[in-house]
Structures are given as C-alpha cells and as structure tokens.
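Below is one structure, written out as structure tokens; the observations come after it.
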Amino acid sequence: MHSSYLNSIAISVEKQGPARVKKARLPLRHGKYSEIRTSDYEFMFNLNGEIKFIRGLNSKWPHPAEQLKRTDGNDWVFYSVGDDSSENGIISWLGEYYLPCLPYTSNSIWEINYCSNPEVMNAFAAWSRLYADLHEFRRDHLHTKAKELIELILNNHDGVLHERSQRLNAIIGGRVSVLPPDTRHVDYEVIPLMIADGCLYHCNFCCVKSAHKFMPRPTTDVIEQIRRLRDFYGRNLENYNGLFLGNHDALEAGEELIVFAALEAYSAFGFGGRQAMTPLLFLFGSVHSLLKAKNSLLEKLNLLPFYTYINIGFESIDTPTLAHIGKPVDESKVLDGFEKMLEINATYPNLEVTGNFIMGEQLPPAHYQSLGEFLQGATVPIRGKGAIYLSPLKDSPKKRELLPRFLEIKKQSKIPIFIYL
Ligand code: SF4
C-alpha cells in the first residue's frame, strides 16, 4: 500500500481487504480499493476510481458501523445498524449486521429515510467538497500513483457515474429490479448477466414483473453482453465473486443456456483466478421451473466451478392466499416444489435452493397458520442449507408491525428464516 498526504487528507492508493466478503459488525471492506481520509470522513473508491463508500469518523456520525454505499446502479444505500444491535436485532432478522436502506420506497420492514438525517446529508456535502478540493490542490509533490488515482477520481464525477449506470442498463437490456436474497453473501456485489426476460406467472401482487412473456435470450446476445460487461467493469472486475444470471426465472431458460452462460462468464470475468473463495452463482426460479428441472440440469449445475444458489418464489402454501395475490399455482404444486428444494439441498453439495414467502397485514390468517405449521414440521436433511426468506408486500402498511409475526414463525421453524428486502 502507498500512502500520500495532500494538505490535511491522507491518500491510500491501493489497500487490500479480505478477498472474501465477511459478515462482521465492522463496516464491510473487501477486495482491493483506494481510500481518502479527512479528519471527519473516510471515502473509499473502487479500482476504477469510482466512489463506493462514505463513512463519518467523528462523534456526530450516527454509528461507527454505519455507512453510505453507492451501487453499480448509482443508488446510494445507507447501511444502518438499526436500534437493536444485539443478537436479537438486525442480525437475527436479516442474517447480516446491517439493514440496507434505499433512497426510494422499498419493501423494508423498517422505513428509514436517511435523506432526512442531517449528518448523512453532511457526508454527501463533504464528498462534493473533497471532489472540488482534489481539483484545486497542487499535486506536483505527490507520488505518481497518487496523482493517477486523483485523476481517475476526478474523471468519475456525478455525471459520469450516472451515465455509467445507464450504460450498464443498456448492456444487459434493462435495469436489475430485484436481486436474489442470497446475494447478501457477497454484499449484493454481483455481475448481472441476462439470459432470459419476462416470467411465467405475471402475479398480481408483484411490483417487479415485466409485461413480457418468458423468453430466453439467444446465445449471441449472452456473448455480446459478456464482452461488453468485461469492458464495463474494467480493472474492478477482480473484486467481484458473484454472478447473477437474470432475470426473474433464469432456471426456466434451460440446461444448455444456463450452463453456457455460466461457463462463458466464468472464463471471461476471470472467476478462475479468485483463490480466496469459490465464486457464487445466483439465479431465480419459479415453482414450475423447479419442478421441471431434470436431474441432468441439476447435475450439470452441481459440476459448475461455482457454488450455485437458486431462489424460488413460493409465496404461500395456502391456495386461497395464492389466489388472493394472483399467483397461478396451488398449494400442492408449492408443496411439491418445497419437497424438491429439500431433496436438491440434500443431494448436491454445490447447489443450494432457497425459498421466498410473503408477509403482509392484509393476508388471511390461514397463510400464517399453514406456513408456521409447515415450517415447524419440515425436515431439514442438511442443517444450514436452504434458507427461507419472508418478504413484506410492498404496499403493506405498518411493516414494522410485521416483525412480531416474523419472529413467531422463525421460532417455530426448523429451517433458518430471514427477512428479504
Ligand atoms: S413474483 Fe416472480 S413470477 Fe410472479 S410476476 Fe413477479 S417476477 Fe414473475
């Protein structure tokens, strides 16, 4: 690592955090990054010189473990530790030590409007000030590497960062509207690669569905995306350990396309060079695509050089609730799918299927009763594999009030349960 000092700021050109994402009470730092510290803030940049994290260092900052993170979609997310940092708090609800708060309305069980926090707004102002200062400061005495870093940072002003997020959307053919909950294991840092559009169901309750019918992408499109994504991520590619094959039901895209896309991406994105951890592959599946998945597909997925998470939207095991939310499956199909999830988790060491169910104030009591009883009786052949995620419906009022209900189900369940945001 090389450090330089410019007026009162300390510049670390390249720092090396742990190569794999660790779950810790401390702010997340992994991979290679650059850092600039002032007396009041810590600014972290990725290997392309794009601002990534901002954290306050003085006593006015809400909590030493809280920070702002900028996503590849150019959204600022505030990582909050909430009001209960004990083992019964956020870690037990989310499986993580922080709650990511988005700048727009999401399905969070706990709405935090970070934009109304003056200290968070001061952090943004400090970032603007630092950017202006970097422009003004004389840099002749600095080490060449520090000068190069400052040039890179100055090249990535707000307009460029916005354009880059638009470019990412253009490469993959749309915005990533939702990520599988399992991507929390890499702090949601995944390279998106679209292999199909649309989905099979078009459920009424869903706020991320597209109007399109399910349609796999041609392999030529996948190859072109990979080529452009490699160029887009540039040097920072080496900091990614996760690949998301999108969009809402990639499992339905079929054996050939899934395996082709995963292997092409593995080699083009250099996942083979990551020594510290097996790269992770994430995809969504539906009850139908899961039930349809043949052993040959599962065997091939299991043999990929990834550890693969497949996340299935079950939503409910109560037929009237499924009808109420407009999901065209019944409880027998959901139960068959659940059975298959447990079987896959027990059979394939490199595959992990996880499931989603919904929560909402307006859902019938039978939904909660059937879910609680079912999870209480479910057998878990491999402990710790195959988490269940409960997701609050987006327009459910009083989401925080859903927490006791979640905790009740969690207490009953033999399978690990978390909230999905
Ligand atoms: S919940 Fe899943 S399957 Fe249903 S409309 Fe949304 S994306 Fe499609």
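In the structure tokens, chains take letters A, B, ... by order of appearance, with residues numbered from 1 within each chain and ligands from 1 in the order shown.
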What does the list of residues within 8 Å of ligand 1 look like if you count only C-alpha atoms and all ligand atoms, written as an mmCIF file with C-alpha atoms, in the first residue's frame?
```
data_model
loop_
_atom_site.group_PDB
_atom_site.id
_atom_site.type_symbol
_atom_site.label_atom_id
_atom_site.label_comp_id
_atom_site.auth_asym_id
_atom_site.auth_seq_id
_atom_site.Cartn_x
_atom_site.Cartn_y
_atom_site.Cartn_z
ATOM 1 C CA GLY A 198 -40.207 -11.951 -18.552
ATOM 2 C CA CYS A 199 -41.578 -14.669 -16.308
ATOM 3 C CA LEU A 200 -44.159 -17.447 -16.386
ATOM 4 C CA TYR A 201 -46.757 -16.073 -13.996
ATOM 5 C CA HIS A 202 -47.278 -12.274 -14.016
ATOM 6 C CA CYS A 203 -48.620 -12.408 -10.445
ATOM 7 C CA ASN A 204 -50.919 -9.546 -9.396
ATOM 8 C CA PHE A 205 -49.007 -8.693 -6.227
ATOM 9 C CA CYS A 206 -45.611 -8.428 -7.903
ATOM 10 C CA CYS A 207 -44.037 -4.989 -8.300
ATOM 11 C CA VAL A 208 -41.076 -6.095 -10.440
ATOM 12 C CA LYS A 209 -42.783 -8.097 -13.175
ATOM 13 C CA SER A 210 -42.423 -7.098 -16.788
ATOM 14 C CA HIS A 248 -36.861 -13.319 -12.951
ATOM 15 C CA ASP A 249 -36.803 -17.024 -13.874
ATOM 16 C CA SER A 286 -40.257 -20.454 -10.248
ATOM 17 C CA GLY A 313 -40.762 -17.698 -5.139
ATOM 18 C CA LYS A 327 -50.212 -16.337 -8.291
#
```
(message) Report as an NGL selection string all protein, DNA and RNA residues lying within 12 Å of Ser92 in chain A, evaluated on only C-alpha atoms, omitting residues in the same chain fewer than 2 positions from it.
(response) :A and (84-90 or 94-99 or 403 or 406-407 or 410-411 or 416-419)
Quick one: contact table of range 110-141 of chain A to range 7-11 of chain A, 12 Å max, nearest atom pair and distance in Å to one decimal per residue, counting only C-alpha atoms, chain and number order, as JSON lines?
```
{"residue": "A:Leu130", "atom": "CA", "partner": "A:Ile9", "partner_atom": "CA", "distance": 9.3}
{"residue": "A:Asp133", "atom": "CA", "partner": "A:Asn7", "partner_atom": "CA", "distance": 9.8}
{"residue": "A:Leu134", "atom": "CA", "partner": "A:Ile9", "partner_atom": "CA", "distance": 10.0}
{"residue": "A:Glu136", "atom": "CA", "partner": "A:Asn7", "partner_atom": "CA", "distance": 11.2}
{"residue": "A:Phe137", "atom": "CA", "partner": "A:Asn7", "partner_atom": "CA", "distance": 8.0}
{"residue": "A:Arg138", "atom": "CA", "partner": "A:Asn7", "partner_atom": "CA", "distance": 9.3}
{"residue": "A:Arg139", "atom": "CA", "partner": "A:Asn7", "partner_atom": "CA", "distance": 10.0}
{"residue": "A:His141", "atom": "CA", "partner": "A:Asn7", "partner_atom": "CA", "distance": 11.3}
```
(message) So, with only C-alpha atoms as the atoms that count, which of A:Leu257, A:Leu251, A:Val160, A:Ala211 lies closest to Ile223 in chain A?
(response)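 Going through A:Leu257, A:Leu251, A:Val160, A:Ala211 one by one, the smallest distance to Ile223 in chain A is for A:Leu257.
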(request) Would you please extract all strand (DSSP E) residues from range 201-368 of chain A, as assigned by DSSP on the backbone, and give them as a PyMOL selection string? (result) chain A and resi 215-216+242-246+280-285+307-315+351-359
(message) When DSSP is applied to the backbone of this structure, which of range 143-285 of chain A are assigned helix (DSSP H, G or I)? Write them out as a PyMOL selection string.
(response) chain A and resi 144-155+158-172+181-186+219-239+250-253+255-268+271-273
(message) For a test of reading the model, state the distance in Å between CA of Ser80 in chain A and CA of Tyr309 in chain A, rounded to one decimal.
(response) 25.9 Å
